[in-house]
Amino acid sequence: MSSLQNSLLTDYTSMDKIHVNDVLSIEYESYNYPWPEKIFYDCIDNNYLCRVLVLNSCVIGYVISSIVLDECHVMNLCIKKKFRSLGYGGYLLSELHNEIKKLDCRVIFLECRPSNASALSLYKNAGYNEVGLRKNYYPVSNGHEDALILAKYVQE
């Protein structure tokens with residue numbers, strides 16, 4: 001599905017507390033070690049950049065970022081399983097890029113599991129480059145997995 005089609009079908013909007021249950025549902029279906037509910041409320045209460053992607057009144061994705069000066073750090077981005085590989089992740093990321101440009105952000109960072117090939121492909125296709133490694137960052141059943149640090153300049 002093209003970004004134009006996505007933009008006609010979806011609404012990229014601020015995450016409110018009424019969205020948290022839907023976001024938690026996506027979080028719990030997606031991760032073995034999901035964020036607890038309190039973190040989502042804290043992010044909303046502390047003015048993090050919290051956005052949802054809504055399709056036909058249903059939350060199908062979300063992104064949570066922090067902004068400090070001219071830098072954005074994506075802390076969590078996820079699409080509901082049945083909507084993956086349809087272009088919604090790229091659309092959500094593109095909308096975030098457009099929004100942070102207006103906020104005068106210069107660069108955006110995020111961490112990604114090396115084992116998450118689909119996410120890595122999404123980020124690489126969006127122009128992200130690997131800039132570092134965080135050792136033992138993500139919990140896994142037998143210990144921890146490293147995280148690739150990816151970055152993209154958005155004020156090009």
# chains A, B, ... in the order shown; residues from 1 in each chain; ligands from 1

$ select_by_dssp --residues "segment 69-132 of chain A" --states "strand (DSSP E)" --output "compact mmCIF listing (two decimals) with C-alpha atoms, in the first residue's frame"
# COMPACT_ATOMS: atom_id res chain seq x y z
CA GLU A 71 17.39 15.79 18.61
CA CYS A 72 14.59 13.25 18.59
CA HIS A 73 14.93 9.79 20.13
CA VAL A 74 12.36 7.18 19.11
CA MET A 75 11.80 5.04 22.17
CA ASN A 76 9.05 2.77 20.87
CA LEU A 77 7.40 2.28 17.48
CA CYS A 78 5.08 -0.60 16.71
CA ILE A 79 2.38 -1.66 14.26
CA VAL A 107 18.61 14.34 13.83
CA ILE A 108 16.59 11.33 14.94
CA PHE A 109 17.98 8.31 16.81
CA LEU A 110 16.59 4.92 17.70
CA GLU A 111 17.65 1.46 18.82
CA CYS A 112 16.77 -1.71 16.94
CA ASN A 129 22.33 4.51 9.16
CA GLU A 130 23.98 2.45 11.86
CA VAL A 131 26.00 4.73 14.15
CA GLY A 132 26.70 2.54 17.17

$ select_by_dssp --residues "segment 67-98 of chain A" --states "alpha helix (DSSP H)" --output "list in words"
Tyr88, Gly89, Gly90, Tyr91, Leu92, Leu93, Ser94, Glu95, Leu96, His97 and Asn98 of chain A

$ write_last_selection --atoms "N, CA and C atoms" --output "CSV table (one decimal), in the first residue's frame"
chain,number,residue,atom,x,y,z
A,88,TYR,N,2.2,0.6,6.7
A,88,TYR,CA,1.8,1.5,7.8
A,88,TYR,C,3.0,1.9,8.6
A,89,GLY,N,4.0,1.0,8.8
A,89,GLY,CA,5.2,1.4,9.6
A,89,GLY,C,5.9,2.5,8.9
A,90,GLY,N,6.1,2.5,7.6
A,90,GLY,CA,6.8,3.5,6.9
A,90,GLY,C,6.0,4.8,6.9
A,91,TYR,N,4.7,4.7,6.8
A,91,TYR,CA,3.8,5.9,6.9
A,91,TYR,C,3.9,6.6,8.3
A,92,LEU,N,3.9,5.8,9.3
A,92,LEU,CA,4.0,6.3,10.7
A,92,LEU,C,5.3,7.0,10.9
A,93,LEU,N,6.4,6.4,10.4
A,93,LEU,CA,7.7,7.0,10.5
A,93,LEU,C,7.8,8.3,9.7
A,94,SER,N,7.2,8.3,8.5
A,94,SER,CA,7.2,9.5,7.6
A,94,SER,C,6.5,10.6,8.3
A,95,GLU,N,5.4,10.3,8.9
A,95,GLU,CA,4.6,11.4,9.6
A,95,GLU,C,5.4,11.9,10.8
A,96,LEU,N,6.1,11.0,11.5
A,96,LEU,CA,6.9,11.5,12.6
A,96,LEU,C,8.0,12.4,12.1
A,97,HIS,N,8.7,12.0,11.0
A,97,HIS,CA,9.7,12.8,10.4
A,97,HIS,C,9.2,14.2,10.0
A,98,ASN,N,8.0,14.3,9.4
A,98,ASN,CA,7.4,15.5,9.0
A,98,ASN,C,7.1,16.4,10.3

$ closest_residue --among "A:Tyr48, A:Phe83, A:Phe40, A:Tyr31" --to "Asn116 of chain A" --atoms "only C-alpha atoms"
A:Tyr31

$ closest_residue --among "A:Ser57, A:Ala119, A:Ser65, A:Arg113" --to "Tyr137 of chain A" --atoms "only C-alpha atoms"
A:Arg113

$ closest_residue --among "A:Asn136, A:Asn125, A:Asn21, A:Ser66" --to "Lys152 of chain A" --atoms "only C-alpha atoms"
A:Asn125

$ atom_distance --atom1 "atom CA of Val20 of chain A" --atom2 "atom CA of Trp35 of chain A"
11.5 Å

$ closest_residue --among "A:Asn56, A:Asn32, A:Gln155, A:Asn46" --to "Leu9 of chain A" --atoms "only C-alpha atoms"
A:Asn56

$ residues_around --residues "Met15 of chain A" --least-positions-apart "2" --cutoff "9 Å" --atoms "only C-alpha atoms" --output "number ranges by chain"
A: 13, 17-20, 44, 49-53, 62-64

$ atom_distance --atom1 "atom CA of Gly61 of chain A" --atom2 "atom CA of Asp16 of chain A"
13.4 Å

$ closest_residue --among "A:Ser115, A:Tyr138, A:Leu133, A:Ile100" --to "Tyr153 of chain A" --atoms "only C-alpha atoms"
A:Ile100

$ closest_residue --among "A:Asn47, A:Thr10, A:Ser118, A:Ser30" --to "Lys82 of chain A" --atoms "only C-alpha atoms"
A:Ser30
